[in-house]
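Scroll down for the structure; my scribbles are underneath it.
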Amino acid sequence: MSNTYLTTAELAERIKYDARTIRERLKDSVLLEGRHYLRPFGGRKILYIWESIEEDMASGIPTASVGIPLASGASCHG
């Protein structure tokens with residue numbers, strides 16, 4: 001399988017986010033190293049893996065994680 005590697009600016013253009021938002025808010029919270037991006041040759045440069053990001057964006061938020069879990073196994077949707 002061939003992957004498409006994008007810089008932060010190229011990813012920002014594709015997902016319509018500011019590059020600064022990707023670097024400061026999404027990286028390491030939503031976008032995880034090894035799954036969504038890598039640092040080639042152990043350097044500072046970050047390359048994002050488009051296919052992994054696209055797959056996770058299309059899957060959306062799982063319904064089980066929405067709400068506050070209760071001891072009975074149900075969720076509070078406040």
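Every chain in the structure tokens takes a letter, A first, then B, and so on in the order presented; its residues are numbered from 1, and the ligands are numbered from 1 following the presented order.
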
Give me, as a ChimeraX atom specification, the residues of chain A that a backbone DSSP run labels strand (DSSP E or B).
/A:5-6,27,31,33,37-38,47-49,68-69,75-76

If you run DSSP on this backbone, which residues of range 13-69 of chain A come out as alpha helix (DSSP H), and could you give them as a ChimeraX atom specification?
/A:13-15,19-21,50-59

Show which residues sit within 12 Å of range 30-40 of chain A, as number ranges by chain. Count only C-alpha atoms, and ignore same-chain residues fewer than 2 positions away.
A: 3-8, 11, 21-28, 42-57, 61

Atoms to include: C-alpha atoms. Write the selected residues as a CSV table (one decimal), in the first residue's frame.
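What follows is the written file selection_8.csv:
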chain,number,residue,atom,x,y,z
A,3,ASN,CA,0.9,6.3,1.4
A,4,THR,CA,0.6,10.0,0.6
A,5,TYR,CA,2.9,12.1,2.9
A,6,LEU,CA,2.0,15.7,3.4
A,7,THR,CA,3.6,18.7,5.1
A,8,THR,CA,1.7,20.7,7.7
A,11,LEU,CA,-2.5,19.0,5.3
A,21,THR,CA,-4.0,24.9,14.7
A,22,ILE,CA,-2.7,21.6,13.4
A,23,ARG,CA,0.7,22.1,15.1
A,24,GLU,CA,-0.6,23.4,18.4
A,25,ARG,CA,-3.9,21.7,18.9
A,26,LEU,CA,-4.3,18.6,16.8
A,27,LYS,CA,-0.8,17.2,16.8
A,28,ASP,CA,-0.3,14.7,19.8
A,42,GLY,CA,14.6,11.1,13.3
A,43,GLY,CA,14.5,14.8,12.3
A,44,ARG,CA,12.4,17.7,13.2
A,45,LYS,CA,10.4,17.7,10.0
A,46,ILE,CA,6.9,16.1,10.3
A,47,LEU,CA,5.1,14.3,7.4
A,48,TYR,CA,1.5,13.5,7.8
A,49,ILE,CA,0.0,10.2,6.5
A,50,TRP,CA,-3.0,11.3,4.5
A,51,GLU,CA,-4.7,7.9,4.2
A,52,SER,CA,-4.7,7.4,8.0
A,53,ILE,CA,-6.1,10.9,8.7
A,54,GLU,CA,-8.7,10.5,6.0
A,55,GLU,CA,-9.8,7.1,7.4
A,56,ASP,CA,-10.2,8.5,10.9
A,57,MET,CA,-12.0,11.6,9.7
A,61,ILE,CA,-16.7,9.9,16.7
